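The structure appears right after this line, and notes come after that.
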Amino acid sequence: MAKSALLKSTLAKKYWMALTGLFLCLFLVGHLLGNLQLIFADALQFNMYALFMTTNPAVKILSYLTYFSIIFHAVDGILLAVQNQKARPVKYVNNRPDRNTIWASRNMAVLGTLLLVFIVTHMVNFWAVMHFNKDMPLQTISITTPMGGKQDFYITTGSGSSRYLPVQQVDGENLIKEGNKFYYVMPVDENSTAAKGSDKETQKAFFAEGYKDLHKITVAFFKNPDYGLIATILYVLSMVVLGFHLYHGFGSAFQSMGVNNPNYNLLIKNFGKAFAIIIPLLFAVIPVYIHFFLKA
Amino acid sequence: MNLKLKIWRQKDARDKGRMVDYNINNVSPDMSFLEMLDVLNEELNNKGEEPVAFDHDCREGICGMCSLFINGEAHGPDRGVTTCQLHMRKFKDGDTIYIEPFRAKAFPVIKDLVVDRSAFDRIQQAGGYISINTSGNTQDANAIPIKKHNADMAFDAATCIGCGACVASCKNASAMLFVSAKVSQLALLPQGRVEATERVLNMVAKMDEEGFGACTNTGACEVECPKGISLENIARMNREYLFASMK
Ligand code: HEM
Ligand code: SF4
Ligand code: FES
């Protein structure tokens, strides 16, 4: 009884909604702090952060938890919405829910579904590009040479002389780039053990990683002459949707978990409302800043 | 005052049902809502038409038998009252009043405005009691010390009259406010603690089985409840259930 109760009952479904929902709220804070670097930090800092977020093992665990939470929260939410629809097969002719509830609380499933559409689009636009695009540009820096000409260098994770690699020399005879990794190419030493049984004439040695230029992709996306403005507007609208979802959701999650103490209710409610306004607002400021104010 | 009524008429459980318009004149503002319907039924009777069926018993707000979804709200526009305590002075001359039955899959319509709320009884039977014989050997009320605050909260929860307005108002037709009031009233007292674990598990299981929806914490129930049952009870039930299901 007890075990199945924790998965199947309506109360248990709500515990999971609340737990995953609150975890996603924590995720939002982290994600926002990262994104704000688009305004308050330079491109290299942002790209270094992006590299860290895609490679650090601890972050990996957190990101899998986040994917899981989104999927579980969405599936559970839709199951609840279907069950709730079924609980009243004949609707009222005249219903005045505005007399006893706030709009956001009655539209959590619609708001959530819109958020799901946003999350999928958002991941296709940025996450998938960062993870799967083989031709993702790497960050370069332009340096004026003593002769007055300009030369581009890749910035890498390497140190010393390999920190900056002249773009012109890469993919030349002894320096190649695959994805975001740089390799030295060396002729095979006939006597080395590595060469035995191999008919390759050369051998490559990894020595540094470049920084995928997510900053450039992001700026280009929101500054795109064709769809940049639309993308910015849709992003801002999505944050309005998030705001409404959280305006009810944040406090609701505490109630679902059984936290309701008259001494703290006002605090939780007001914190939730502030959270629901401030977090989406700061998210929304970023694309607006990029589209209208950032110098390309 | 003169009013236009739009009333749900449905012959029996299988009939599809529809809204029917009625005019009623010379309604006194001092009448209760049910008295106004009595007058309408008298007129219908005199004309040889089928009177409107609606539920009622005590007509003083204590039995929970009256229902009605009036102008989009359970027990009508007034707060903290049942339909039998609602007065016609809350309406204006010339108003149109929609009168519908409480709507929920778990509350099927029997006839017109009468719905079957025995799902509530079955939830009560699943655990809303204590298995001690209290008749004939009643203990002194002060033999077991109980915190005043807990006694007050238990008493508040116990004022639930089982009318079902919470279900009717909830967008999910959820019975959480009713069930949590019944769970809390016993969970807050030492006599009720003995069976608290089984009680909450069984009553929630029954609630789900009867086809009520889940709780989205919209709070409509608390606003519309004629007895002012607090959402705190729902949180308490969420806690009770969480701990009970981990035992
Ligand atoms: C960043 C994304 C999201 C966050 C931070 C978030 C947060 C929350 C929170 C805190 C709650 C309250 C839980 C409770 O009442 O116990 C909630 C409820 C809900 N969420 Fe989300 N959510 C997000 C995305 C989504 C998505 C993608 C869906 C997709 C369908 C969704 C659907 C729902 C639904 C239907 C509810 C109400 C469940 C109910 O009470 O019946 N949410 N959300
Ligand atoms: S909780 Fe309130 S609305 Fe629900 S059944 Fe009890 S008295 Fe009626
Ligand atoms: S008839 Fe008893 S509460 Fe209204």
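Starting from 1 in every chain, residues are counted up; chains themselves are A, B, ... following the order of the structure tokens, and ligands are numbered from 1 as listed.
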
Could you list the residues in chain B lying within 6 Å of chain A, using only C-alpha atoms, and format the result as a ChimeraX atom specification? /B:72,104-105,172-173,211-214,217-218,220,223,232,235-236,238-239,245

Given the selection you just returned, output its residues as a file containing N, CA, C and O atoms, formatted as an mmCIF file, in the first residue's frame.
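Result file follows (out_34.cif):
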data_model
loop_
_atom_site.group_PDB
_atom_site.id
_atom_site.type_symbol
_atom_site.label_atom_id
_atom_site.label_comp_id
_atom_site.auth_asym_id
_atom_site.auth_seq_id
_atom_site.Cartn_x
_atom_site.Cartn_y
_atom_site.Cartn_z
ATOM 1 N N GLY B 72 -22.712 31.215 -10.913
ATOM 2 C CA GLY B 72 -21.308 30.885 -11.064
ATOM 3 C C GLY B 72 -20.564 30.605 -9.783
ATOM 4 O O GLY B 72 -19.340 30.472 -9.793
ATOM 5 N N ALA B 104 -19.744 17.500 -10.700
ATOM 6 C CA ALA B 104 -18.548 16.676 -10.521
ATOM 7 C C ALA B 104 -18.906 15.269 -10.987
ATOM 8 O O ALA B 104 -20.057 14.846 -10.863
ATOM 9 N N LYS B 105 -17.904 14.573 -11.514
ATOM 10 C CA LYS B 105 -18.137 13.192 -11.920
ATOM 11 C C LYS B 105 -18.589 12.371 -10.704
ATOM 12 O O LYS B 105 -19.450 11.504 -10.807
ATOM 13 N N ASN B 172 -10.960 21.482 -10.554
ATOM 14 C CA ASN B 172 -10.652 20.062 -10.746
ATOM 15 C C ASN B 172 -11.673 19.155 -10.067
ATOM 16 O O ASN B 172 -11.460 17.956 -9.996
ATOM 17 N N ALA B 173 -12.746 19.720 -9.532
ATOM 18 C CA ALA B 173 -13.709 18.958 -8.738
ATOM 19 C C ALA B 173 -12.973 18.088 -7.719
ATOM 20 O O ALA B 173 -13.209 16.899 -7.578
ATOM 21 N N GLY B 211 -13.235 9.312 -8.004
ATOM 22 C CA GLY B 211 -13.134 10.121 -9.225
ATOM 23 C C GLY B 211 -13.077 11.620 -9.009
ATOM 24 O O GLY B 211 -13.338 12.388 -9.935
ATOM 25 N N PHE B 212 -12.698 12.055 -7.799
ATOM 26 C CA PHE B 212 -12.462 13.484 -7.589
ATOM 27 C C PHE B 212 -11.123 13.858 -8.213
ATOM 28 O O PHE B 212 -10.240 13.015 -8.368
ATOM 29 N N GLY B 213 -10.958 15.125 -8.555
ATOM 30 C CA GLY B 213 -9.704 15.575 -9.159
ATOM 31 C C GLY B 213 -8.625 15.807 -8.119
ATOM 32 O O GLY B 213 -8.840 15.633 -6.918
ATOM 33 N N ALA B 214 -7.427 16.197 -8.590
ATOM 34 C CA ALA B 214 -6.309 16.506 -7.697
ATOM 35 C C ALA B 214 -6.373 17.983 -7.311
ATOM 36 O O ALA B 214 -7.147 18.740 -7.880
ATOM 37 N N ASN B 217 -4.205 23.772 -5.613
ATOM 38 C CA ASN B 217 -4.015 24.850 -4.639
ATOM 39 C C ASN B 217 -4.506 26.206 -5.141
ATOM 40 O O ASN B 217 -3.897 27.235 -4.840
ATOM 41 N N THR B 218 -5.596 26.202 -5.913
ATOM 42 C CA THR B 218 -6.129 27.483 -6.386
ATOM 43 C C THR B 218 -6.783 28.241 -5.238
ATOM 44 O O THR B 218 -6.856 29.469 -5.258
ATOM 45 N N ALA B 220 -10.015 28.084 -4.368
ATOM 46 C CA ALA B 220 -11.433 28.388 -4.588
ATOM 47 C C ALA B 220 -12.290 27.809 -3.462
ATOM 48 O O ALA B 220 -13.243 28.443 -2.999
ATOM 49 N N VAL B 223 -12.490 29.895 -0.279
ATOM 50 C CA VAL B 223 -13.294 31.106 -0.446
ATOM 51 C C VAL B 223 -14.784 30.768 -0.405
ATOM 52 O O VAL B 223 -15.577 31.486 0.203
ATOM 53 N N GLU B 232 -5.054 25.319 5.441
ATOM 54 C CA GLU B 232 -4.093 24.693 6.353
ATOM 55 C C GLU B 232 -4.385 23.211 6.521
ATOM 56 O O GLU B 232 -3.484 22.400 6.703
ATOM 57 N N ALA B 235 -2.829 21.243 3.728
ATOM 58 C CA ALA B 235 -1.393 21.064 3.955
ATOM 59 C C ALA B 235 -1.159 20.001 5.029
ATOM 60 O O ALA B 235 -0.263 19.164 4.912
ATOM 61 N N ARG B 236 -1.986 20.023 6.078
ATOM 62 C CA ARG B 236 -1.828 19.034 7.143
ATOM 63 C C ARG B 236 -2.045 17.632 6.589
ATOM 64 O O ARG B 236 -1.294 16.710 6.886
ATOM 65 N N ASN B 238 -1.584 16.716 3.474
ATOM 66 C CA ASN B 238 -0.416 16.411 2.637
ATOM 67 C C ASN B 238 0.735 15.893 3.499
ATOM 68 O O ASN B 238 1.424 14.943 3.135
ATOM 69 N N ARG B 239 0.954 16.519 4.655
ATOM 70 C CA ARG B 239 1.995 16.061 5.581
ATOM 71 C C ARG B 239 1.683 14.676 6.119
ATOM 72 O O ARG B 239 2.520 13.775 6.093
ATOM 73 N N SER B 245 2.721 7.340 4.192
ATOM 74 C CA SER B 245 3.093 6.446 3.091
ATOM 75 C C SER B 245 4.551 6.028 3.176
ATOM 76 O O SER B 245 4.974 5.113 2.486
#

Could the residues that lie within 9 Å of ligand 3, counting only C-alpha atoms and all ligand atoms, be listed as a compact mmCIF listing (two decimals) with N, CA and C atoms, in the first residue's frame?
# COMPACT_ATOMS: atom_id res chain seq x y z
N LEU B 34 -33.91 29.56 -0.79
CA LEU B 34 -34.75 28.36 -0.90
C LEU B 34 -36.23 28.71 -0.82
N ASP B 55 -32.21 20.07 -3.09
CA ASP B 55 -31.94 19.47 -1.78
C ASP B 55 -32.02 20.49 -0.67
N HIS B 56 -32.50 20.08 0.50
CA HIS B 56 -32.49 20.94 1.68
C HIS B 56 -32.92 20.09 2.86
N ASP B 57 -32.59 20.54 4.06
CA ASP B 57 -33.10 19.87 5.24
C ASP B 57 -33.25 20.86 6.38
N CYS B 58 -32.16 21.23 7.05
CA CYS B 58 -32.28 22.04 8.26
C CYS B 58 -32.70 23.48 7.97
N ARG B 59 -32.27 24.00 6.86
CA ARG B 59 -32.48 25.40 6.47
C ARG B 59 -31.93 26.39 7.51
N GLU B 60 -30.91 25.95 8.24
CA GLU B 60 -30.23 26.91 9.11
C GLU B 60 -28.71 26.74 9.07
N GLY B 61 -28.25 26.19 7.98
CA GLY B 61 -26.81 26.17 7.77
C GLY B 61 -26.03 25.16 8.56
N ILE B 62 -26.69 24.10 9.04
CA ILE B 62 -25.92 23.14 9.83
C ILE B 62 -25.91 21.72 9.27
N CYS B 63 -26.81 21.40 8.34
CA CYS B 63 -26.87 20.00 7.92
C CYS B 63 -26.03 19.73 6.68
N GLY B 64 -25.80 20.75 5.86
CA GLY B 64 -25.00 20.56 4.65
C GLY B 64 -25.78 19.95 3.51
N MET B 65 -27.09 19.90 3.62
CA MET B 65 -27.89 19.25 2.58
C MET B 65 -28.15 20.15 1.39
N CYS B 66 -28.35 21.46 1.63
CA CYS B 66 -28.63 22.33 0.49
C CYS B 66 -27.36 22.49 -0.34
N SER B 67 -27.56 22.78 -1.62
CA SER B 67 -26.38 22.90 -2.48
C SER B 67 -26.59 24.10 -3.41
N VAL B 81 -21.82 31.48 3.97
CA VAL B 81 -23.20 31.01 4.18
C VAL B 81 -23.54 29.89 3.21
N THR B 82 -24.50 29.05 3.65
CA THR B 82 -25.04 28.03 2.75
C THR B 82 -26.20 28.66 1.96
N THR B 83 -26.68 27.92 0.95
CA THR B 83 -27.76 28.45 0.13
C THR B 83 -29.01 28.75 0.97
N CYS B 84 -29.25 27.93 2.00
CA CYS B 84 -30.44 28.17 2.82
C CYS B 84 -30.31 29.44 3.64
N GLN B 85 -29.08 29.92 3.84
CA GLN B 85 -28.87 31.15 4.61
C GLN B 85 -28.69 32.36 3.70
N ILE B 161 -19.54 20.76 7.19
CA ILE B 161 -20.86 20.12 7.17
C ILE B 161 -21.02 19.18 5.98
N CYS B 163 -21.02 19.69 2.75
CA CYS B 163 -21.98 20.14 1.74
C CYS B 163 -21.48 19.90 0.32

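Restricting the calculation to only C-alpha atoms and all ligand atoms, the smallest distance between ligand 1 and any of A:Tyr64, A:Tyr184, A:Trp127, A:Trp16 is found for A:Trp16.
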
Could you pull out the alpha helix (DSSP H) residues of stretch 4-140 of chain A from DSSP and send them as a PyMOL selection string? chain A and resi 4-8+10-35+37-40+43-55+57-86+103-106+108-122+128-132

If the limit is 10 Å from any atom of ligand 2, counting only C-alpha atoms and all ligand atoms, which residues qualify? Return them as JSON, numbers by chain. {"B": [61, 62, 63, 64, 65, 67, 74, 75, 80, 81, 82, 120, 157, 158, 159, 160, 161, 162, 163, 164, 165, 166, 167, 168, 169, 170, 174, 175, 176, 177, 178, 179, 180, 181, 182, 220, 221, 222, 223, 224, 225, 226, 227, 228, 229, 230, 231, 233]}

Write the residues of the selection above to a file with N, CA and C atoms, as a short mmCIF file (atom, residue, chain, number, x, y, z; two decimals), in the first residue's frame.
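Once written, part-v9.cif looks like this:
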data_model
loop_
_atom_site.label_atom_id
_atom_site.label_comp_id
_atom_site.auth_asym_id
_atom_site.auth_seq_id
_atom_site.Cartn_x
_atom_site.Cartn_y
_atom_site.Cartn_z
N GLY B 61 -28.25 26.19 7.98
CA GLY B 61 -26.81 26.17 7.77
C GLY B 61 -26.03 25.16 8.56
N ILE B 62 -26.69 24.10 9.04
CA ILE B 62 -25.92 23.14 9.83
C ILE B 62 -25.91 21.72 9.27
N CYS B 63 -26.81 21.40 8.34
CA CYS B 63 -26.87 20.00 7.92
C CYS B 63 -26.03 19.73 6.68
N GLY B 64 -25.80 20.75 5.86
CA GLY B 64 -25.00 20.56 4.65
C GLY B 64 -25.78 19.95 3.51
N MET B 65 -27.09 19.90 3.62
CA MET B 65 -27.89 19.25 2.58
C MET B 65 -28.15 20.15 1.39
N SER B 67 -27.56 22.78 -1.62
CA SER B 67 -26.38 22.90 -2.48
C SER B 67 -26.59 24.10 -3.41
N ALA B 74 -20.71 28.38 -5.82
CA ALA B 74 -21.38 27.45 -4.92
C ALA B 74 -22.01 28.23 -3.77
N HIS B 75 -23.24 27.96 -3.44
CA HIS B 75 -24.00 28.67 -2.41
C HIS B 75 -24.17 30.16 -2.72
N GLY B 80 -19.40 32.69 3.41
CA GLY B 80 -19.60 32.10 4.72
C GLY B 80 -21.03 31.67 5.00
N VAL B 81 -21.82 31.48 3.97
CA VAL B 81 -23.20 31.01 4.18
C VAL B 81 -23.54 29.89 3.21
N THR B 82 -24.50 29.05 3.65
CA THR B 82 -25.04 28.03 2.75
C THR B 82 -26.20 28.66 1.96
N PHE B 120 -19.04 11.22 -0.53
CA PHE B 120 -18.52 11.76 0.74
C PHE B 120 -18.72 10.77 1.89
N ALA B 157 -11.94 22.44 12.15
CA ALA B 157 -12.02 21.44 11.07
C ALA B 157 -13.34 20.68 11.17
N ALA B 158 -13.78 20.45 12.42
CA ALA B 158 -14.99 19.66 12.63
C ALA B 158 -16.26 20.40 12.23
N THR B 159 -16.16 21.71 11.96
CA THR B 159 -17.37 22.44 11.56
C THR B 159 -17.76 22.16 10.11
N CYS B 160 -16.92 21.43 9.37
CA CYS B 160 -17.28 21.06 7.99
C CYS B 160 -18.60 20.29 8.01
N ILE B 161 -19.54 20.76 7.19
CA ILE B 161 -20.86 20.12 7.17
C ILE B 161 -21.02 19.18 5.98
N GLY B 162 -19.94 18.95 5.25
CA GLY B 162 -20.01 17.98 4.16
C GLY B 162 -20.94 18.38 3.02
N CYS B 163 -21.02 19.69 2.75
CA CYS B 163 -21.98 20.14 1.74
C CYS B 163 -21.48 19.90 0.32
N GLY B 164 -20.17 19.90 0.14
CA GLY B 164 -19.62 19.66 -1.20
C GLY B 164 -19.38 20.91 -2.01
N ALA B 165 -19.52 22.08 -1.39
CA ALA B 165 -19.27 23.33 -2.13
C ALA B 165 -17.81 23.42 -2.58
N CYS B 166 -16.93 22.80 -1.79
CA CYS B 166 -15.51 22.82 -2.14
C CYS B 166 -15.29 22.09 -3.47
N VAL B 167 -15.94 20.92 -3.60
CA VAL B 167 -15.84 20.15 -4.85
C VAL B 167 -16.44 20.95 -6.00
N ALA B 168 -17.62 21.53 -5.73
CA ALA B 168 -18.35 22.25 -6.78
C ALA B 168 -17.56 23.46 -7.28
N SER B 169 -16.81 24.12 -6.38
CA SER B 169 -16.09 25.34 -6.75
C SER B 169 -14.77 25.04 -7.42
N CYS B 170 -14.19 23.90 -7.09
CA CYS B 170 -12.84 23.60 -7.56
C CYS B 170 -12.84 23.32 -9.05
N SER B 174 -12.03 18.73 -7.00
CA SER B 174 -11.25 18.01 -6.00
C SER B 174 -11.94 18.07 -4.64
N ALA B 175 -11.83 16.98 -3.89
CA ALA B 175 -12.49 16.91 -2.58
C ALA B 175 -11.51 17.15 -1.45
N MET B 176 -10.35 17.72 -1.77
CA MET B 176 -9.28 17.85 -0.77
C MET B 176 -9.70 18.61 0.49
N LEU B 177 -10.49 19.68 0.34
CA LEU B 177 -10.82 20.47 1.52
C LEU B 177 -11.69 19.65 2.47
N PHE B 178 -12.69 18.98 1.91
CA PHE B 178 -13.56 18.13 2.74
C PHE B 178 -12.75 17.03 3.41
N VAL B 179 -12.00 16.26 2.62
CA VAL B 179 -11.27 15.12 3.19
C VAL B 179 -10.25 15.59 4.21
N SER B 180 -9.59 16.72 3.92
CA SER B 180 -8.56 17.19 4.84
C SER B 180 -9.18 17.69 6.15
N ALA B 181 -10.39 18.24 6.06
CA ALA B 181 -11.07 18.66 7.29
C ALA B 181 -11.37 17.44 8.15
N LYS B 182 -11.84 16.37 7.49
CA LYS B 182 -12.18 15.15 8.24
C LYS B 182 -10.93 14.47 8.80
N ALA B 220 -10.02 28.08 -4.37
CA ALA B 220 -11.43 28.39 -4.59
C ALA B 220 -12.29 27.81 -3.46
N CYS B 221 -11.92 26.60 -3.01
CA CYS B 221 -12.72 25.91 -1.98
C CYS B 221 -12.81 26.73 -0.71
N GLU B 222 -11.65 27.24 -0.28
CA GLU B 222 -11.61 27.99 0.99
C GLU B 222 -12.49 29.24 0.90
N VAL B 223 -12.49 29.89 -0.28
CA VAL B 223 -13.29 31.11 -0.45
C VAL B 223 -14.78 30.77 -0.40
N GLU B 224 -15.15 29.66 -1.04
CA GLU B 224 -16.57 29.34 -1.18
C GLU B 224 -17.12 28.51 -0.03
N CYS B 225 -16.26 27.92 0.79
CA CYS B 225 -16.74 27.06 1.87
C CYS B 225 -17.61 27.86 2.84
N PRO B 226 -18.83 27.41 3.10
CA PRO B 226 -19.71 28.16 4.00
C PRO B 226 -19.20 28.17 5.44
N LYS B 227 -18.29 27.25 5.76
CA LYS B 227 -17.80 27.16 7.14
C LYS B 227 -16.38 27.68 7.29
N GLY B 228 -15.84 28.26 6.24
CA GLY B 228 -14.50 28.84 6.34
C GLY B 228 -13.41 27.84 6.67
N ILE B 229 -13.56 26.60 6.21
CA ILE B 229 -12.51 25.60 6.44
C ILE B 229 -11.23 26.07 5.73
N SER B 230 -10.11 26.01 6.47
CA SER B 230 -8.87 26.61 5.99
C SER B 230 -8.03 25.65 5.15
N LEU B 231 -7.28 26.23 4.21
CA LEU B 231 -6.35 25.46 3.38
C LEU B 231 -5.26 24.80 4.22
N ASN B 233 -5.68 22.88 6.48
CA ASN B 233 -6.06 21.47 6.65
C ASN B 233 -5.54 20.63 5.49
#

Give me the residues within 8 Å of A:Ala43 as an NGL selection string, counting only C-alpha atoms and dropping any in the same chain fewer than 4 places off. :A and (38 or 47 or 215-216)

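Shortest atom-to-atom contact with ligand 1 among A:Pro287, A:Gly77, A:Gly30, A:Pro187: A:Gly77, counting only C-alpha atoms and all ligand atoms.
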
Would you list, as a ChimeraX atom specification, the residues of stretch 7-243 of chain B that end up in strand (DSSP E) under DSSP run on this structure's backbone? /B:7-9,18-24,69-70,73-74,96-100,109-111,114-115

Given the selection you just returned, output its residues as a file containing N, CA and C atoms, formatted as a PDB file, in the first residue's frame.
ATOM      1  N   ILE B   7     -32.785  27.900 -14.837  1.00  0.00           N
ATOM      2  CA  ILE B   7     -32.624  26.749 -13.945  1.00  0.00           C
ATOM      3  C   ILE B   7     -32.338  25.469 -14.737  1.00  0.00           C
ATOM      4  N   TRP B   8     -31.396  24.675 -14.225  1.00  0.00           N
ATOM      5  CA  TRP B   8     -31.083  23.390 -14.859  1.00  0.00           C
ATOM      6  C   TRP B   8     -32.211  22.399 -14.586  1.00  0.00           C
ATOM      7  N   ARG B   9     -32.844  21.889 -15.638  1.00  0.00           N
ATOM      8  CA  ARG B   9     -33.877  20.879 -15.484  1.00  0.00           C
ATOM      9  C   ARG B   9     -33.392  19.577 -16.111  1.00  0.00           C
ATOM     10  N   ARG B  18     -31.185  20.451 -19.503  1.00  0.00           N
ATOM     11  CA  ARG B  18     -30.993  21.734 -20.194  1.00  0.00           C
ATOM     12  C   ARG B  18     -31.383  22.863 -19.251  1.00  0.00           C
ATOM     13  N   MET B  19     -30.991  24.100 -19.610  1.00  0.00           N
ATOM     14  CA  MET B  19     -31.383  25.277 -18.829  1.00  0.00           C
ATOM     15  C   MET B  19     -32.780  25.712 -19.288  1.00  0.00           C
ATOM     16  N   VAL B  20     -33.640  26.028 -18.315  1.00  0.00           N
ATOM     17  CA  VAL B  20     -34.991  26.503 -18.643  1.00  0.00           C
ATOM     18  C   VAL B  20     -35.206  27.868 -17.979  1.00  0.00           C
ATOM     19  N   ASP B  21     -35.843  28.791 -18.712  1.00  0.00           N
ATOM     20  CA  ASP B  21     -36.079  30.138 -18.189  1.00  0.00           C
ATOM     21  C   ASP B  21     -37.392  30.216 -17.419  1.00  0.00           C
ATOM     22  N   TYR B  22     -37.365  30.913 -16.283  1.00  0.00           N
ATOM     23  CA  TYR B  22     -38.594  31.174 -15.519  1.00  0.00           C
ATOM     24  C   TYR B  22     -38.571  32.634 -15.099  1.00  0.00           C
ATOM     25  N   ASN B  23     -39.772  33.228 -15.009  1.00  0.00           N
ATOM     26  CA  ASN B  23     -39.876  34.566 -14.421  1.00  0.00           C
ATOM     27  C   ASN B  23     -40.544  34.425 -13.073  1.00  0.00           C
ATOM     28  N   ILE B  24     -40.049  35.163 -12.097  1.00  0.00           N
ATOM     29  CA  ILE B  24     -40.708  35.141 -10.794  1.00  0.00           C
ATOM     30  C   ILE B  24     -40.850  36.586 -10.309  1.00  0.00           C
ATOM     31  N   PHE B  69     -25.408  25.834  -7.402  1.00  0.00           N
ATOM     32  CA  PHE B  69     -24.372  26.687  -7.976  1.00  0.00           C
ATOM     33  C   PHE B  69     -25.109  27.896  -8.532  1.00  0.00           C
ATOM     34  N   ILE B  70     -25.012  29.025  -7.837  1.00  0.00           N
ATOM     35  CA  ILE B  70     -25.839  30.194  -8.139  1.00  0.00           C
ATOM     36  C   ILE B  70     -24.987  31.299  -8.755  1.00  0.00           C
ATOM     37  N   GLU B  73     -21.282  30.526  -8.638  1.00  0.00           N
ATOM     38  CA  GLU B  73     -20.608  30.232  -7.370  1.00  0.00           C
ATOM     39  C   GLU B  73     -21.420  29.266  -6.515  1.00  0.00           C
ATOM     40  N   ALA B  74     -20.710  28.376  -5.824  1.00  0.00           N
ATOM     41  CA  ALA B  74     -21.383  27.448  -4.916  1.00  0.00           C
ATOM     42  C   ALA B  74     -22.008  28.234  -3.770  1.00  0.00           C
ATOM     43  N   THR B  96     -30.843  38.502 -13.522  1.00  0.00           N
ATOM     44  CA  THR B  96     -30.974  37.146 -14.044  1.00  0.00           C
ATOM     45  C   THR B  96     -30.142  36.246 -13.152  1.00  0.00           C
ATOM     46  N   ILE B  97     -30.745  35.167 -12.669  1.00  0.00           N
ATOM     47  CA  ILE B  97     -30.010  34.266 -11.771  1.00  0.00           C
ATOM     48  C   ILE B  97     -29.899  32.877 -12.394  1.00  0.00           C
ATOM     49  N   TYR B  98     -28.661  32.430 -12.570  1.00  0.00           N
ATOM     50  CA  TYR B  98     -28.402  31.070 -13.062  1.00  0.00           C
ATOM     51  C   TYR B  98     -28.386  30.126 -11.867  1.00  0.00           C
ATOM     52  N   ILE B  99     -29.139  29.038 -11.959  1.00  0.00           N
ATOM     53  CA  ILE B  99     -29.147  28.051 -10.871  1.00  0.00           C
ATOM     54  C   ILE B  99     -28.816  26.679 -11.458  1.00  0.00           C
ATOM     55  N   GLU B 100     -27.658  26.148 -11.053  1.00  0.00           N
ATOM     56  CA  GLU B 100     -27.207  24.869 -11.596  1.00  0.00           C
ATOM     57  C   GLU B 100     -26.888  23.905 -10.456  1.00  0.00           C
ATOM     58  N   VAL B 109     -25.902  13.831 -11.131  1.00  0.00           N
ATOM     59  CA  VAL B 109     -27.213  14.453 -10.943  1.00  0.00           C
ATOM     60  C   VAL B 109     -28.265  13.354 -10.837  1.00  0.00           C
ATOM     61  N   ILE B 110     -29.141  13.483  -9.837  1.00  0.00           N
ATOM     62  CA  ILE B 110     -30.249  12.538  -9.692  1.00  0.00           C
ATOM     63  C   ILE B 110     -31.467  13.098 -10.421  1.00  0.00           C
ATOM     64  N   LYS B 111     -31.732  14.371 -10.173  1.00  0.00           N
ATOM     65  CA  LYS B 111     -32.854  15.041 -10.817  1.00  0.00           C
ATOM     66  C   LYS B 111     -32.684  16.541 -10.650  1.00  0.00           C
ATOM     67  N   VAL B 114     -30.687  18.237  -7.831  1.00  0.00           N
ATOM     68  CA  VAL B 114     -30.319  17.292  -6.774  1.00  0.00           C
ATOM     69  C   VAL B 114     -29.182  16.397  -7.264  1.00  0.00           C
ATOM     70  N   VAL B 115     -28.078  16.390  -6.503  1.00  0.00           N
ATOM     71  CA  VAL B 115     -26.970  15.502  -6.867  1.00  0.00           C
ATOM     72  C   VAL B 115     -26.722  14.494  -5.754  1.00  0.00           C
TER      73      VAL B 115
END

Spatial neighbours of A:Leu138, 12 Å, only C-alpha atoms, chain gap at least 4 places, as a compact mmCIF listing (two decimals) with C-alpha atoms, in the first residue's frame:
# COMPACT_ATOMS: atom_id res chain seq x y z
CA ALA A 43 32.80 37.04 -24.56
CA LEU A 44 35.77 35.00 -23.34
CA ASN A 47 32.60 31.05 -23.35
CA MET A 48 34.89 29.76 -20.59
CA LEU A 51 32.93 25.14 -21.58
CA MET A 130 26.63 23.82 -28.34
CA ASN A 133 27.14 21.28 -34.11
CA LYS A 134 30.48 20.12 -35.54
CA ASP A 152 43.50 36.28 -35.83
CA PHE A 153 44.36 33.87 -33.06
CA TYR A 154 42.33 31.05 -31.51
CA ILE A 155 42.18 31.32 -27.73
CA THR A 156 42.70 27.90 -26.14
CA THR A 157 42.79 26.21 -22.78
CA LEU A 165 47.16 29.78 -31.97
CA VAL A 167 44.27 30.83 -37.23
CA LYS A 177 41.58 21.23 -35.39
CA GLU A 178 38.86 18.66 -34.92
CA GLY A 179 35.68 19.98 -33.34
CA ASN A 180 37.05 22.25 -30.65
CA LYS A 181 40.22 20.23 -30.02
CA PHE A 182 43.65 21.10 -31.33
CA GLU A 209 40.89 22.89 -26.48
CA GLY A 210 39.40 25.96 -28.08
CA TYR A 211 36.39 27.76 -26.67
CA LYS A 212 33.19 27.16 -28.61
CA ASP A 213 31.94 30.65 -29.33
CA LEU A 214 28.47 30.40 -27.79
CA HIS A 215 28.63 34.12 -27.16
CA LYS A 216 28.88 34.81 -30.90
CA ILE A 217 26.05 32.35 -31.70

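The shortest atom-to-atom distance to ligand 1, with only C-alpha atoms and all ligand atoms taken into account, belongs to A:Val120 out of A:Val240, A:Ala220, A:Val120, A:Leu62.
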
In Å, rounded to a single decimal, give me how far atom 21 (Fe, counted along the ligand's line) of ligand 1 is from atom CA of A:Tyr49. 27.4 Å

Taken to one decimal, the atom CA of B:Lys206-atom CA of B:Arg122 distance is 7.5 Å
